Amino acid sequence: MFLTAMQDRYTTKKYDPSKKIENTQLEALKEVLRLSPSSINSQPWRFTFVRDDKKKAEFASASFFNAQKILDCDTLVIFSRIDSVHKFEAQIKATLPEGAVGYYDQFLKPQGEDFIKSWFDSQTYLAIGVLLSACAAEAIDATPMEGIEPEKYNALLGDTDYHALVGVAIGYRDEEDFNQPSKNPKARRPLEQVVVTI
């Protein structure tokens, strides 16, 4: 049951580098990300899966206190949002229905580039939630990490049309990880404080 998967998931702090994710599961996660929802089906993103140990080490060096997680996890997934508004506009004109493009042109474009890029960020964060949920459903551990140096990530990725936002380490926990729920019970506000039914 999905509720049980969400109760069991947590932000993994220590990975077991000897445990590997099956290739079929990784391919399924890629397809799950491709299917992520976004406003007007805008899809202003790119997802980079990093498995090569040398490449992971390069990204780890640009990840502050998250370095060890990246070194030990199976795969680092980098979430980047499109950085070129011009390229985005060409993309949606080529792929989206007239109504969706009209919504963008009428309500979003007049707000200016900073607003548009913030909107790109919001869409990309939806996809991060999808990945974390999919990992929970597949009993794969995950760690979302805003503690990265985006400009260094961008340089390593070598694509000036996109801007790195978040890295997500995925793999399997070390049995001694202090943050797993059996050692550090999950802390969430009471249901009645966060959910209102009217």
# chains A, B, ... in the order shown; residues from 1 in each chain; ligands from 1
$ select_by_dssp --residues "stretch 75-190 of chain A" --states "strand (DSSP E or B)" --output "MDAnalysis selection string"
chainID A and resid 75:82 141:145 162:171 173
$ select_by_dssp --residues "stretch 68-185 of chain A" --states "alpha helix (DSSP H)" --output "VMD selection string"
chain A and resid 68 to 72 85 to 95 98 to 103 113 to 137 150 to 157
$ closest_residue --among "A:Trp119, A:Val195, A:Asn184, A:Ser42" --to "A:Lys93" --atoms "only C-alpha atoms"
A:Ser42
$ residues_around --residues "stretch 158-170 of chain A" --least-positions-apart "2" --cutoff "7 Å" --atoms "only C-alpha atoms" --output "count of residues only"
26
$ atom_distance --atom1 "atom CA of A:Glu151" --atom2 "atom CA of A:Ala60"
13.5 Å
$ closest_residue --among "A:Asp52, A:Asp114, A:Asp16, A:Glu98" --to "A:Gln68" --atoms "only C-alpha atoms"
A:Asp16
$ residues_around --residues "A:Arg188" --least-positions-apart "6" --cutoff "12 Å" --atoms "only C-alpha atoms" --output "list of chain:residue names"
A:Gln7, A:Tyr10, A:Val194
$ residues_around --residues "A:Cys135" --least-positions-apart "6" --cutoff "10 Å" --atoms "only C-alpha atoms" --output "compact mmCIF listing (two decimals) with N, CA and C atoms, in the first residue's frame"
# COMPACT_ATOMS: atom_id res chain seq x y z
N ALA A 5 4.32 2.69 2.26
CA ALA A 5 5.59 3.08 1.64
C ALA A 5 6.00 4.47 2.10
N MET A 6 5.04 5.39 2.20
CA MET A 6 5.35 6.75 2.64
C MET A 6 5.68 6.81 4.13
N ARG A 9 9.38 5.53 4.21
CA ARG A 9 10.45 6.30 3.57
C ARG A 9 10.98 7.36 4.51
N GLN A 25 14.77 -1.31 -12.73
CA GLN A 25 14.16 -0.33 -11.83
C GLN A 25 14.57 1.10 -12.20
N LEU A 26 15.83 1.27 -12.56
CA LEU A 26 16.29 2.61 -12.97
C LEU A 26 15.58 3.07 -14.24
N LEU A 29 12.20 4.21 -13.30
CA LEU A 29 12.22 5.53 -12.66
C LEU A 29 12.37 6.64 -13.70
N GLY A 129 9.06 15.47 -6.25
CA GLY A 129 8.11 14.73 -5.41
C GLY A 129 7.70 13.42 -6.04
N ASP A 141 15.84 3.79 -1.41
CA ASP A 141 16.07 4.94 -0.53
C ASP A 141 16.47 6.16 -1.35
N ALA A 142 16.16 7.35 -0.81
CA ALA A 142 16.42 8.58 -1.55
C ALA A 142 16.71 9.74 -0.61
N ILE A 170 20.00 8.26 -4.81
CA ILE A 170 19.14 7.09 -4.66
C ILE A 170 20.01 5.84 -4.55
N GLY A 171 19.52 4.88 -3.79
CA GLY A 171 20.26 3.65 -3.56
C GLY A 171 19.65 2.91 -2.39
$ closest_residue --among "A:Ser118, A:Thr24, A:Ser18, A:Leu35" --to "A:Leu71" --atoms "only C-alpha atoms"
A:Ser18
$ atom_distance --atom1 "atom CA of A:Lys109" --atom2 "atom CA of A:Thr48"
27.4 Å
$ closest_residue --among "A:Ala134, A:Glu89, A:Glu175, A:Thr124" --to "A:Pro17" --atoms "only C-alpha atoms"
A:Glu175
$ closest_residue --among "A:Gln180, A:Val130, A:Asn41, A:Thr12" --to "A:Asp72" --atoms "only C-alpha atoms"
A:Thr12
$ atom_distance --atom1 "atom CA of A:Arg173" --atom2 "atom CA of A:Lys14"
5.9 Å
$ closest_residue --among "A:Val50, A:Leu191, A:Ile198, A:Ala67" --to "A:Ile148" --atoms "only C-alpha atoms"
A:Ala67
$ residues_around --residues "A:Gly147" --least-positions-apart "2" --cutoff "8 Å" --atoms "only C-alpha atoms" --output "tab-separated table (two decimals) with C-alpha atoms, in the first residue's frame"
chain	number	residue	atom	x	y	z
A	63	SER	CA	27.90	19.31	-2.93
A	64	PHE	CA	29.04	20.60	0.46
A	65	PHE	CA	28.07	18.21	3.30
A	66	ASN	CA	26.22	15.94	0.87
A	145	MET	CA	19.64	17.71	-1.70
A	149	GLU	CA	26.65	24.38	-5.96
A	166	VAL	CA	18.51	19.81	-6.81
